[in-house]
Amino acid sequence: ERYRVGKLERLPSTAAMRRLAPAWTKWVKEFKASEGHRRDAMMYGRRVQGIAGKQATVQQLPGALRKYRAICEADGHPVSFNRARAAAQAFLRDTTTRNDDVYREVQAIETLEMGPRKVKGGQSPAAAVAIAGKLPNDAAILWLTMCLTGMGPGELDGKWRAEGEYGLRIHGTKRESRDRLIPRLADFPRIGVTAQTVRTWLRKTKAGVAPYDGRRTFAHWMEQAGIVRTRRRLYMGHKAGDVTDLYEAHDVADFVPEDRNRLLAVLRPVVDKLTELVTDGDSVE
């Protein structure tokens, strides 16, 4: 085919000649990401594969992705396409490398403009305490722990410990930057309740929140407390955003006591509520 169209200089790589569906499935199983991220990657892969056809090869991925872009643009679903494109780039990066023509072809496909972004903010201190009041004791403790630490649901059962007089070390595993030091606002107990149990109880409160909203709330509170952007990113476990972030990252431990005081000035009612719950010691069955 390449000889016929006069493009022998662009012979497809062996990786690009493999069938798309099994190659994508194998990649998802080995993809180093959270379970939710892998699940999304498989979902978007199936959507694009449905357009490409059962016998499609990796080389046909860009064409299928362009068709999916047109569908999403017509339906007003830019986020779906942009996420599918990101998944396709990750797949090709890991299976054909960035030097392959197929990767460069997908990279050249423009994302869809999403318009003004609606950022979902966190809860106010009073609202977080009110939600805790509707939960059984252990579920309330975990909810407030997430709000006061920025830990995601999957990190609650992981490794975290007090470090120094005012710090809390969270050994996140999602990526290297999620291993982080944050200001310790209270003595957080370990509770033998799963995030799924907390999710069920939060749903019953009809407050419209899920466990992960506790992490968003922590980010919101740090901004309210006046903590600078660079340190907020580090406390959340986000990667450095620019050269300034990289330069300032090593200094974060020096600012933990100061930022702890800033947070406590805003969050004392939340910390007092957590202390009250820990003292009560009522358990979720």
# chains A, B, ... in the order shown; residues from 1 in each chain; ligands from 1
call {"tool": "residues_around", "arguments": {"residues": "stretch 73-84 of chain A", "least_positions_apart": "6", "cutoff": "10 Å", "atoms": "only C-alpha atoms", "output": "list in words"}}
result
Asp40, Ala41, Met42, Met43, Tyr44, Gly45, Arg46, Arg47, Val48, Leu65, Arg66, Lys67, Ala90, Glu110, Thr111, Leu112, Glu113, Met114 and Gly115 of chain A
call {"tool": "residues_around", "arguments": {"residues": "A:Gln49", "least_positions_apart": "5", "cutoff": "8 Å", "atoms": "only C-alpha atoms", "output": "PyMOL selection string"}}
result
chain A and resi 20-21+54+56+61+64
call {"tool": "write_last_selection", "arguments": {"atoms": "all heavy atoms", "output": "mmCIF file, in the first residue's frame"}}
result
data_model
loop_
_atom_site.group_PDB
_atom_site.id
_atom_site.type_symbol
_atom_site.label_atom_id
_atom_site.label_comp_id
_atom_site.auth_asym_id
_atom_site.auth_seq_id
_atom_site.Cartn_x
_atom_site.Cartn_y
_atom_site.Cartn_z
ATOM 1 N N LEU A 20 -5.762 -2.893 17.124
ATOM 2 C CA LEU A 20 -5.961 -1.854 18.122
ATOM 3 C C LEU A 20 -6.595 -2.370 19.407
ATOM 4 O O LEU A 20 -6.094 -2.089 20.507
ATOM 5 C CB LEU A 20 -6.830 -0.734 17.519
ATOM 6 C CG LEU A 20 -7.222 0.406 18.465
ATOM 7 C CD1 LEU A 20 -5.983 1.108 19.006
ATOM 8 C CD2 LEU A 20 -8.132 1.402 17.730
ATOM 9 N N ALA A 21 -7.692 -3.127 19.288
ATOM 10 C CA ALA A 21 -8.451 -3.520 20.488
ATOM 11 C C ALA A 21 -7.628 -4.336 21.484
ATOM 12 O O ALA A 21 -7.553 -3.977 22.667
ATOM 13 C CB ALA A 21 -9.716 -4.271 20.077
ATOM 14 N N LYS A 54 -13.712 -3.611 14.383
ATOM 15 C CA LYS A 54 -13.098 -4.699 15.141
ATOM 16 C C LYS A 54 -11.708 -5.074 14.655
ATOM 17 O O LYS A 54 -10.862 -5.482 15.433
ATOM 18 C CB LYS A 54 -14.004 -5.939 15.093
ATOM 19 C CG LYS A 54 -15.330 -5.771 15.826
ATOM 20 C CD LYS A 54 -16.131 -7.054 15.770
ATOM 21 C CE LYS A 54 -17.456 -6.899 16.526
ATOM 22 N NZ LYS A 54 -18.262 -8.142 16.483
ATOM 23 N N ALA A 56 -9.520 -3.106 13.176
ATOM 24 C CA ALA A 56 -8.668 -1.930 13.002
ATOM 25 C C ALA A 56 -7.307 -2.135 13.651
ATOM 26 O O ALA A 56 -7.170 -2.815 14.673
ATOM 27 C CB ALA A 56 -9.346 -0.705 13.602
ATOM 28 N N LEU A 61 -5.957 4.468 14.425
ATOM 29 C CA LEU A 61 -6.455 5.205 15.577
ATOM 30 C C LEU A 61 -6.657 6.693 15.301
ATOM 31 O O LEU A 61 -7.699 7.250 15.673
ATOM 32 C CB LEU A 61 -5.511 4.998 16.769
ATOM 33 C CG LEU A 61 -5.824 5.769 18.057
ATOM 34 C CD1 LEU A 61 -7.222 5.457 18.563
ATOM 35 C CD2 LEU A 61 -4.794 5.430 19.142
ATOM 36 N N ALA A 64 -9.940 7.300 13.419
ATOM 37 C CA ALA A 64 -11.122 7.064 14.260
ATOM 38 C C ALA A 64 -11.281 8.193 15.264
ATOM 39 O O ALA A 64 -12.407 8.614 15.573
ATOM 40 C CB ALA A 64 -10.978 5.723 14.976
#
call {"tool": "residues_around", "arguments": {"residues": "stretch 153-162 of chain A", "least_positions_apart": "3", "cutoff": "10 Å", "atoms": "only C-alpha atoms", "output": "PyMOL selection string"}}
result
chain A and resi 34+142-143+145-146+150+165-174+178-184+186-188+190-196+198-199+210-215
call {"tool": "atom_distance", "arguments": {"atom1": "atom CA of A:Gly133", "atom2": "atom CA of A:Trp201"}}
result
11.5 Å
call {"tool": "select_by_dssp", "arguments": {"residues": "stretch 35-247 of chain A", "states": "strand (DSSP E or B)", "output": "list in words"}}
result
Thr57, Lys159, Trp160, Arg161, Ala162, Glu163, Gly167, Leu168, Arg169, Ile170, His171, Asp179, Arg180, Leu181, Ile182 and Pro183 of chain A
call {"tool": "write_last_selection", "arguments": {"atoms": "N, CA, C and O atoms", "output": "PDB file, in the first residue's frame"}}
result
ATOM      1  N   THR A  57      -6.298  -1.531  13.066  1.00  0.00           N
ATOM      2  CA  THR A  57      -4.956  -1.573  13.627  1.00  0.00           C
ATOM      3  C   THR A  57      -4.686  -0.262  14.368  1.00  0.00           C
ATOM      4  O   THR A  57      -5.435   0.712  14.255  1.00  0.00           O
ATOM      5  N   LYS A 159      -0.502   4.752  53.928  1.00  0.00           N
ATOM      6  CA  LYS A 159       0.504   5.088  54.934  1.00  0.00           C
ATOM      7  C   LYS A 159       0.523   6.597  55.159  1.00  0.00           C
ATOM      8  O   LYS A 159       0.774   7.364  54.230  1.00  0.00           O
ATOM      9  N   TRP A 160       0.241   7.009  56.374  1.00  0.00           N
ATOM     10  CA  TRP A 160       0.377   8.405  56.767  1.00  0.00           C
ATOM     11  C   TRP A 160       0.696   8.448  58.254  1.00  0.00           C
ATOM     12  O   TRP A 160       0.274   7.599  59.015  1.00  0.00           O
ATOM     13  N   ARG A 161       1.478   9.434  58.650  1.00  0.00           N
ATOM     14  CA  ARG A 161       1.950   9.482  60.024  1.00  0.00           C
ATOM     15  C   ARG A 161       2.353  10.909  60.374  1.00  0.00           C
ATOM     16  O   ARG A 161       2.624  11.739  59.498  1.00  0.00           O
ATOM     17  N   ALA A 162       2.382  11.191  61.672  1.00  0.00           N
ATOM     18  CA  ALA A 162       2.856  12.496  62.135  1.00  0.00           C
ATOM     19  C   ALA A 162       4.344  12.610  61.855  1.00  0.00           C
ATOM     20  O   ALA A 162       5.088  11.640  61.970  1.00  0.00           O
ATOM     21  N   GLU A 163       4.764  13.802  61.471  1.00  0.00           N
ATOM     22  CA  GLU A 163       6.189  14.043  61.215  1.00  0.00           C
ATOM     23  C   GLU A 163       6.568  15.380  61.857  1.00  0.00           C
ATOM     24  O   GLU A 163       6.049  16.433  61.475  1.00  0.00           O
ATOM     25  N   GLY A 167       3.803  18.525  61.450  1.00  0.00           N
ATOM     26  CA  GLY A 167       3.614  17.996  60.114  1.00  0.00           C
ATOM     27  C   GLY A 167       2.898  16.654  60.074  1.00  0.00           C
ATOM     28  O   GLY A 167       2.857  15.904  61.055  1.00  0.00           O
ATOM     29  N   LEU A 168       2.331  16.345  58.918  1.00  0.00           N
ATOM     30  CA  LEU A 168       1.711  15.047  58.645  1.00  0.00           C
ATOM     31  C   LEU A 168       2.255  14.568  57.316  1.00  0.00           C
ATOM     32  O   LEU A 168       2.114  15.246  56.298  1.00  0.00           O
ATOM     33  N   ARG A 169       2.906  13.412  57.305  1.00  0.00           N
ATOM     34  CA  ARG A 169       3.474  12.835  56.094  1.00  0.00           C
ATOM     35  C   ARG A 169       2.470  11.859  55.501  1.00  0.00           C
ATOM     36  O   ARG A 169       2.053  10.899  56.149  1.00  0.00           O
ATOM     37  N   ILE A 170       2.054  12.108  54.258  1.00  0.00           N
ATOM     38  CA  ILE A 170       1.114  11.235  53.553  1.00  0.00           C
ATOM     39  C   ILE A 170       1.869  10.560  52.427  1.00  0.00           C
ATOM     40  O   ILE A 170       2.385  11.221  51.527  1.00  0.00           O
ATOM     41  N   HIS A 171       1.948   9.237  52.477  1.00  0.00           N
ATOM     42  CA  HIS A 171       2.669   8.477  51.464  1.00  0.00           C
ATOM     43  C   HIS A 171       1.700   8.063  50.356  1.00  0.00           C
ATOM     44  O   HIS A 171       1.279   6.908  50.265  1.00  0.00           O
ATOM     45  N   ASP A 179       3.419  11.806  47.459  1.00  0.00           N
ATOM     46  CA  ASP A 179       4.115  11.596  48.734  1.00  0.00           C
ATOM     47  C   ASP A 179       4.479  12.987  49.236  1.00  0.00           C
ATOM     48  O   ASP A 179       5.378  13.635  48.698  1.00  0.00           O
ATOM     49  N   ARG A 180       3.779  13.456  50.272  1.00  0.00           N
ATOM     50  CA  ARG A 180       3.857  14.870  50.600  1.00  0.00           C
ATOM     51  C   ARG A 180       3.808  15.120  52.102  1.00  0.00           C
ATOM     52  O   ARG A 180       3.345  14.287  52.872  1.00  0.00           O
ATOM     53  N   LEU A 181       4.268  16.296  52.495  1.00  0.00           N
ATOM     54  CA  LEU A 181       4.211  16.766  53.879  1.00  0.00           C
ATOM     55  C   LEU A 181       3.211  17.905  53.936  1.00  0.00           C
ATOM     56  O   LEU A 181       3.273  18.829  53.127  1.00  0.00           O
ATOM     57  N   ILE A 182       2.261  17.845  54.893  1.00  0.00           N
ATOM     58  CA  ILE A 182       1.251  18.895  55.036  1.00  0.00           C
ATOM     59  C   ILE A 182       1.201  19.345  56.495  1.00  0.00           C
ATOM     60  O   ILE A 182       1.690  18.646  57.390  1.00  0.00           O
ATOM     61  N   PRO A 183       0.593  20.497  56.770  1.00  0.00           N
ATOM     62  CA  PRO A 183       0.394  20.916  58.158  1.00  0.00           C
ATOM     63  C   PRO A 183      -0.571  19.962  58.868  1.00  0.00           C
ATOM     64  O   PRO A 183      -1.619  19.619  58.327  1.00  0.00           O
TER      65      PRO A 183
END
call {"tool": "select_by_dssp", "arguments": {"residues": "stretch 118-150 of chain A", "states": "alpha helix (DSSP H)", "output": "count of residues only"}}
result
22
call {"tool": "atom_distance", "arguments": {"atom1": "atom CA of A:Thr149", "atom2": "atom CA of A:Phe218"}}
result
6.4 Å
call {"tool": "residues_around", "arguments": {"residues": "stretch 261-273 of chain A", "least_positions_apart": "2", "cutoff": "7 Å", "atoms": "only C-alpha atoms", "output": "number ranges by chain"}}
result
A: 125, 129, 185-186, 222, 225, 257-259, 275-277
call {"tool": "residues_around", "arguments": {"residues": "A:Ala108", "least_positions_apart": "5", "cutoff": "10 Å", "atoms": "only C-alpha atoms", "output": "VMD selection string"}}
result
chain A and resid 62 102 to 103
